[in-house]
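Shown here: run.pdb, PDB, C-alpha atoms.
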ATOM      1  CA  MET A   5     203.297  93.945  53.505
ATOM      2  CA  ILE A   6     205.391  93.819  56.701
ATOM      3  CA  ARG A   7     202.412  92.408  58.589
ATOM      4  CA  SER A   8     201.863  89.606  56.038
ATOM      5  CA  SER A   9     205.592  88.770  56.151
ATOM      6  CA  LEU A  10     205.386  88.513  59.939
ATOM      7  CA  VAL A  11     202.313  86.278  59.686
ATOM      8  CA  LEU A  12     204.090  84.003  57.162
ATOM      9  CA  ALA A  13     207.198  83.889  59.369
ATOM     10  CA  SER A  14     205.027  82.977  62.381
ATOM     11  CA  LEU A  15     203.285  80.237  60.427
ATOM     12  CA  LEU A  16     206.583  78.803  59.230
ATOM     13  CA  ALA A  17     207.972  78.855  62.758
ATOM     14  CA  ALA A  18     204.854  77.082  64.039
ATOM     15  CA  CYS A  19     205.333  74.404  61.370
ATOM     16  CA  GLY A  20     208.948  73.869  62.289
ATOM     17  CA  GLY A  21     210.223  76.104  59.483
ATOM     18  CA  GLN A  22     208.518  74.011  56.807
ATOM     19  CA  THR A  23     206.103  75.190  54.178
ATOM     20  CA  PRO A  24     202.657  73.807  55.004
ATOM     21  CA  GLY A  25     202.144  70.396  53.362
ATOM     22  CA  ALA A  26     205.860  69.817  52.799
ATOM     23  CA  ALA A  27     207.348  66.589  54.112
ATOM     24  CA  PRO A  28     209.791  67.125  56.960
ATOM     25  CA  SER A  29     213.370  66.745  55.894
ATOM     26  CA  PRO A  30     215.010  63.737  57.537
ATOM     27  CA  SER A  31     217.379  64.560  60.303
ATOM     28  CA  PRO A  32     220.929  63.535  59.544
ATOM     29  CA  VAL A  33     222.007  60.251  61.074
ATOM     30  CA  SER A  34     225.623  59.777  62.045
ATOM     31  CA  ARG A  35     227.516  56.703  60.913
ATOM     32  CA  GLU A  36     227.929  55.731  64.564
ATOM     33  CA  THR A  37     224.157  55.919  65.152
ATOM     34  CA  ALA A  38     223.482  53.999  61.930
ATOM     35  CA  LEU A  39     225.903  51.224  62.883
ATOM     36  CA  ALA A  40     224.314  50.960  66.332
ATOM     37  CA  ALA A  41     220.915  50.668  64.608
ATOM     38  CA  PHE A  42     222.269  47.962  62.312
ATOM     39  CA  GLU A  43     223.465  46.040  65.379
ATOM     40  CA  THR A  44     219.833  45.926  66.531
ATOM     41  CA  VAL A  45     218.808  44.713  63.057
ATOM     42  CA  ARG A  46     221.597  42.121  63.053
ATOM     43  CA  GLY A  47     220.548  40.855  66.483
ATOM     44  CA  VAL A  48     217.048  40.183  65.154
ATOM     45  CA  LEU A  49     218.192  38.540  61.916
ATOM     46  CA  GLN A  50     220.561  36.279  63.809
ATOM     47  CA  HIS A  51     217.991  35.278  66.437
ATOM     48  CA  PRO A  52     216.940  31.604  66.172
ATOM     49  CA  ARG A  53     213.467  32.574  64.890
ATOM     50  CA  CYS A  54     215.116  34.018  61.765
ATOM     51  CA  GLN A  55     218.234  31.865  61.507
ATOM     52  CA  ASN A  56     216.290  28.597  61.549
ATOM     53  CA  CYS A  57     214.986  29.315  58.039
ATOM     54  CA  HIS A  58     218.247  30.962  56.920
ATOM     55  CA  PRO A  59     220.816  28.197  57.603
ATOM     56  CA  ALA A  60     224.116  27.609  55.851
ATOM     57  CA  GLY A  61     222.869  24.320  54.374
ATOM     58  CA  ASP A  62     219.670  22.978  52.852
ATOM     59  CA  VAL A  63     218.225  21.577  56.100
ATOM     60  CA  PRO A  64     216.132  24.046  58.127
ATOM     61  CA  LEU A  65     216.929  24.350  61.813
ATOM     62  CA  GLN A  66     214.669  24.014  64.844
ATOM     63  CA  GLY A  67     214.516  25.320  68.397
ATOM     64  CA  ASP A  68     216.464  28.017  70.177
ATOM     65  CA  GLU A  69     219.628  25.951  69.806
ATOM     66  CA  GLY A  70     219.320  25.647  66.011
ATOM     67  CA  ARG A  71     219.352  21.860  65.726
ATOM     68  CA  LEU A  72     218.771  20.202  62.356
ATOM     69  CA  HIS A  73     215.096  19.707  61.532
ATOM     70  CA  THR A  74     214.166  16.304  62.983
ATOM     71  CA  GLN A  75     211.862  15.285  60.124
ATOM     72  CA  PHE A  76     214.768  15.277  57.641
ATOM     73  CA  VAL A  77     213.157  17.890  55.424
ATOM     74  CA  LEU A  78     215.168  19.756  52.806
ATOM     75  CA  ARG A  79     214.950  23.208  51.220
ATOM     76  CA  GLY A  80     213.860  21.760  47.884
ATOM     77  CA  PRO A  81     214.036  23.304  44.427
ATOM     78  CA  THR A  82     211.977  26.410  45.322
ATOM     79  CA  GLY A  83     212.561  26.699  49.077
ATOM     80  CA  HIS A  84     209.189  25.114  49.884
ATOM     81  CA  GLY A  85     210.539  21.632  50.628
ATOM     82  CA  MET A  86     210.912  18.561  48.469
ATOM     83  CA  PRO A  87     208.010  17.175  46.418
ATOM     84  CA  GLY A  88     205.808  15.157  48.758
ATOM     85  CA  ALA A  89     207.440  16.737  51.813
ATOM     86  CA  GLU A  90     206.693  20.430  51.327
ATOM     87  CA  CYS A  91     206.908  22.691  54.358
ATOM     88  CA  THR A  92     203.131  23.180  54.305
ATOM     89  CA  THR A  93     202.602  19.425  54.692
ATOM     90  CA  CYS A  94     203.126  19.976  58.431
ATOM     91  CA  HIS A  95     203.141  23.764  58.837
ATOM     92  CA  GLY A  96     199.615  25.153  58.619
ATOM     93  CA  PRO A  97     198.273  28.667  58.013
ATOM     94  CA  THR A  98     198.357  29.645  61.725
ATOM     95  CA  ASN A  99     200.064  28.665  64.951
ATOM     96  CA  PRO A 100     198.060  25.889  66.641
ATOM     97  CA  PRO A 101     196.465  26.769  69.993
ATOM     98  CA  ASN A 102     198.880  26.602  72.946
ATOM     99  CA  SER A 103     196.735  23.758  74.339
ATOM    100  CA  PHE A 104     198.145  21.537  71.566
ATOM    101  CA  GLY A 105     201.512  21.567  73.332
ATOM    102  CA  THR A 106     205.029  22.637  72.475
ATOM    103  CA  HIS A 107     205.982  20.089  69.815
ATOM    104  CA  VAL A 108     203.413  21.013  67.189
ATOM    105  CA  PRO A 109     204.641  22.667  63.969
ATOM    106  CA  PRO A 110     204.000  26.413  63.908
ATOM    107  CA  GLY A 111     202.128  28.016  61.053
ATOM    108  CA  VAL A 112     201.849  31.262  59.153
ATOM    109  CA  SER A 113     199.271  32.643  56.723
ATOM    110  CA  LYS A 114     201.706  33.123  53.840
ATOM    111  CA  GLY A 115     202.873  29.525  53.864
ATOM    112  CA  TRP A 116     206.015  28.206  55.489
ATOM    113  CA  HIS A 117     209.157  28.195  53.346
ATOM    114  CA  MET A 118     212.851  28.937  53.154
ATOM    115  CA  PRO A 119     214.586  31.173  50.635
ATOM    116  CA  PRO A 120     215.192  29.409  47.301
ATOM    117  CA  PRO A 121     218.458  27.467  46.844
ATOM    118  CA  GLU A 122     219.881  29.902  44.286
ATOM    119  CA  MET A 123     219.536  32.720  46.846
ATOM    120  CA  PRO A 124     219.667  31.115  50.326
ATOM    121  CA  MET A 125     220.148  34.359  52.326
ATOM    122  CA  VAL A 126     222.307  32.650  54.973
ATOM    123  CA  PHE A 127     222.160  34.331  58.400
ATOM    124  CA  VAL A 128     223.803  31.586  60.504
ATOM    125  CA  GLY A 129     227.459  32.231  61.311
ATOM    126  CA  VAL A 130     227.765  35.239  58.987
ATOM    127  CA  ALA A 131     229.868  38.131  60.307
ATOM    128  CA  PRO A 132     228.002  41.441  60.778
ATOM    129  CA  GLY A 133     229.698  43.241  57.870
ATOM    130  CA  ALA A 134     229.088  40.343  55.471
ATOM    131  CA  LEU A 135     225.469  39.996  56.642
ATOM    132  CA  CYS A 136     224.940  43.713  56.054
ATOM    133  CA  GLU A 137     226.366  43.548  52.530
ATOM    134  CA  GLN A 138     224.299  40.442  51.705
ATOM    135  CA  ILE A 139     221.062  42.059  52.878
ATOM    136  CA  LYS A 140     221.599  45.118  50.682
ATOM    137  CA  ASP A 141     222.730  43.240  47.572
ATOM    138  CA  PRO A 142     219.789  42.730  45.155
ATOM    139  CA  LYS A 143     221.729  39.873  43.516
ATOM    140  CA  ARG A 144     221.603  38.016  46.841
ATOM    141  CA  ASN A 145     218.379  39.290  48.442
ATOM    142  CA  GLY A 146     215.719  38.477  45.859
ATOM    143  CA  GLY A 147     216.162  41.618  43.774
ATOM    144  CA  LYS A 148     215.021  44.011  46.503
ATOM    145  CA  ASP A 149     216.120  47.608  46.961
ATOM    146  CA  MET A 150     215.975  49.210  50.422
ATOM    147  CA  ALA A 151     212.325  50.265  49.953
ATOM    148  CA  ALA A 152     211.295  46.715  48.989
ATOM    149  CA  LEU A 153     213.278  45.307  51.911
ATOM    150  CA  ARG A 154     211.397  47.642  54.264
ATOM    151  CA  VAL A 155     208.077  46.325  52.879
ATOM    152  CA  HIS A 156     209.383  42.768  53.372
ATOM    153  CA  LEU A 157     209.684  43.456  57.109
ATOM    154  CA  GLU A 158     205.869  43.341  57.210
ATOM    155  CA  ASP A 159     205.682  39.895  55.582
ATOM    156  CA  PRO A 160     203.749  37.465  57.833
ATOM    157  CA  LEU A 161     206.678  35.031  57.839
ATOM    158  CA  VAL A 162     208.932  37.813  59.178
ATOM    159  CA  THR A 163     206.491  39.110  61.795
ATOM    160  CA  TRP A 164     205.824  35.525  62.946
ATOM    161  CA  GLY A 165     209.140  35.726  64.836
ATOM    162  CA  TRP A 166     207.461  37.912  67.461
ATOM    163  CA  ASN A 167     204.545  35.482  67.874
ATOM    164  CA  PRO A 168     206.062  32.022  67.304
ATOM    165  CA  GLY A 169     203.599  29.951  69.306
ATOM    166  CA  ALA A 170     203.833  27.693  72.329
ATOM    167  CA  GLY A 171     207.282  26.724  73.573
ATOM    168  CA  ARG A 172     209.229  29.021  71.229
ATOM    169  CA  THR A 173     211.158  32.067  72.386
ATOM    170  CA  PRO A 174     209.964  35.153  70.521
ATOM    171  CA  ILE A 175     212.452  37.685  69.233
ATOM    172  CA  PRO A 176     213.179  39.790  72.352
ATOM    173  CA  THR A 177     213.647  43.105  70.522
ATOM    174  CA  PRO A 178     210.168  44.645  70.184
ATOM    175  CA  TYR A 179     209.016  44.709  66.562
ATOM    176  CA  ALA A 180     208.541  48.511  66.575
ATOM    177  CA  GLU A 181     212.103  48.935  67.874
ATOM    178  CA  PHE A 182     213.420  46.646  65.139
ATOM    179  CA  VAL A 183     211.600  48.607  62.418
ATOM    180  CA  ALA A 184     212.781  51.935  63.873
ATOM    181  CA  ALA A 185     216.369  50.638  63.892
ATOM    182  CA  TRP A 186     216.004  49.467  60.280
ATOM    183  CA  GLU A 187     214.685  52.864  59.231
ATOM    184  CA  THR A 188     217.469  54.720  61.063
ATOM    185  CA  TRP A 189     220.078  52.509  59.413
ATOM    186  CA  ALA A 190     218.465  52.885  55.964
ATOM    187  CA  ARG A 191     218.095  56.671  56.309
ATOM    188  CA  ALA A 192     221.840  56.914  56.906
ATOM    189  CA  GLY A 193     222.554  55.064  53.650
ATOM    190  CA  ALA A 194     222.715  51.593  55.270
ATOM    191  CA  PRO A 195     226.425  51.583  56.159
ATOM    192  CA  CYS A 196     228.031  48.263  57.037
ATOM    193  CA  PRO A 197     230.326  47.495  59.960
ATOM    194  CA  GLY A 198     233.973  47.384  58.992
ATOM    195  CA  GLY A 199     233.280  49.269  55.772
TER     196      GLY A 199
END
Written as structure tokens, that's how I'd like the structure from this file.
Amino acid sequence: MIRSSLVLASLLAACGGQTPGAAPSPSPVSRETALAAFETVRGVLQHPRCQNCHPAGDVPLQGDEGRLHTQFVLRGPTGHGMPGAECTTCHGPTNPPNSFGTHVPPGVSKGWHMPPPEMPMVFVGVAPGALCEQIKDPKRNGGKDMAALRVHLEDPLVTWGWNPGAGRTPIPTPYAEFVAAWETWARAGAPCPGG
């Protein structure tokens, strides 16, 4: 009996104190660490690659400087542009080859679009605390809880920001670092700055 108890204790120690097959318990994350992780998340969301489709108005933005879209396109009733001038009229299913030059519309497999007008998810000019609260609020984020938001991070339109095509600055924070920061922030209960 003593020998089997020692064997079990040795096995548990080798498994980090866990019963075999049990999921590891998440390590606690301090509020300070969570807020630092959110700052990484915020930096990505407020990079031009994300902000250009999350403007304060109904005109998408272009370039690193966030200028109004030069083709006078609008968000439209569903976020896909106006009838006859939908985003996919110019934006194809992939980025064109770099040999096409820098002034060719980028593309993405899911189809280019903005959030719908009733839920615009504005990132431009929004203070960190307000951005944080907006992201977490299902009434303002498309009805998503934190798990659904995490899945959304893998959406082709989101990941496009790290591979935006010729002449566009990609998001400088590595994608894996962004996701790790998101997960750290979420694991801590997704606290918001100033809250």
Non-local contacts of Gly169 (chain A) (7 Å; all atoms listed in the file; under 2 positions in same chain excluded) as number ranges by chain: A: 99, 102, 110, 167, 171-172
Would you give the centre and edge lengths, in Å to one decimal, of a box along x, y and z around the listed atoms of region 106-111 of chain A, with 5 Å added to each side, as lines of an AutoDock Vina configuration file?
center_x = 204.1
center_y = 24.1
center_z = 66.8
size_x = 13.9
size_y = 17.9
size_z = 21.4
Distance of CA of Cys54 (chain A) from CA of Pro160 (chain A), expressed in Å to one decimal place: 12.5 Å
Closest atom pairs, region 71-146 of chain A residues within 10 Å of region 42-47 of chain A, only C-alpha atoms, as a tab-separated table:
residue	atom	partner	partner_atom	distance
A:Phe127	CA	A:Arg46	CA	9.1
A:Ala131	CA	A:Arg46	CA	9.6
A:Pro132	CA	A:Arg46	CA	6.8
A:Gly133	CA	A:Arg46	CA	9.7
A:Leu135	CA	A:Arg46	CA	7.8
A:Cys136	CA	A:Arg46	CA	7.9
Spatial sel., origin (228.2, 54.8, 62.5), limit 10 Å, all atoms listed in the file, listed as an MDAnalysis selection string: chainID A and resid 33:42 189 192 194:197
Long-range neighbours of Val108 (chain A) as a ChimeraX atom specification, 9 Å cut-off, all atoms listed in the file, 5 positions minimum in chain: /A:94-95,99-100,170
Which of A:Met123, A:Gly198, A:Gly61, A:Thr188 sits closest to Pro32 (chain A) [using only C-alpha atoms]: A:Thr188
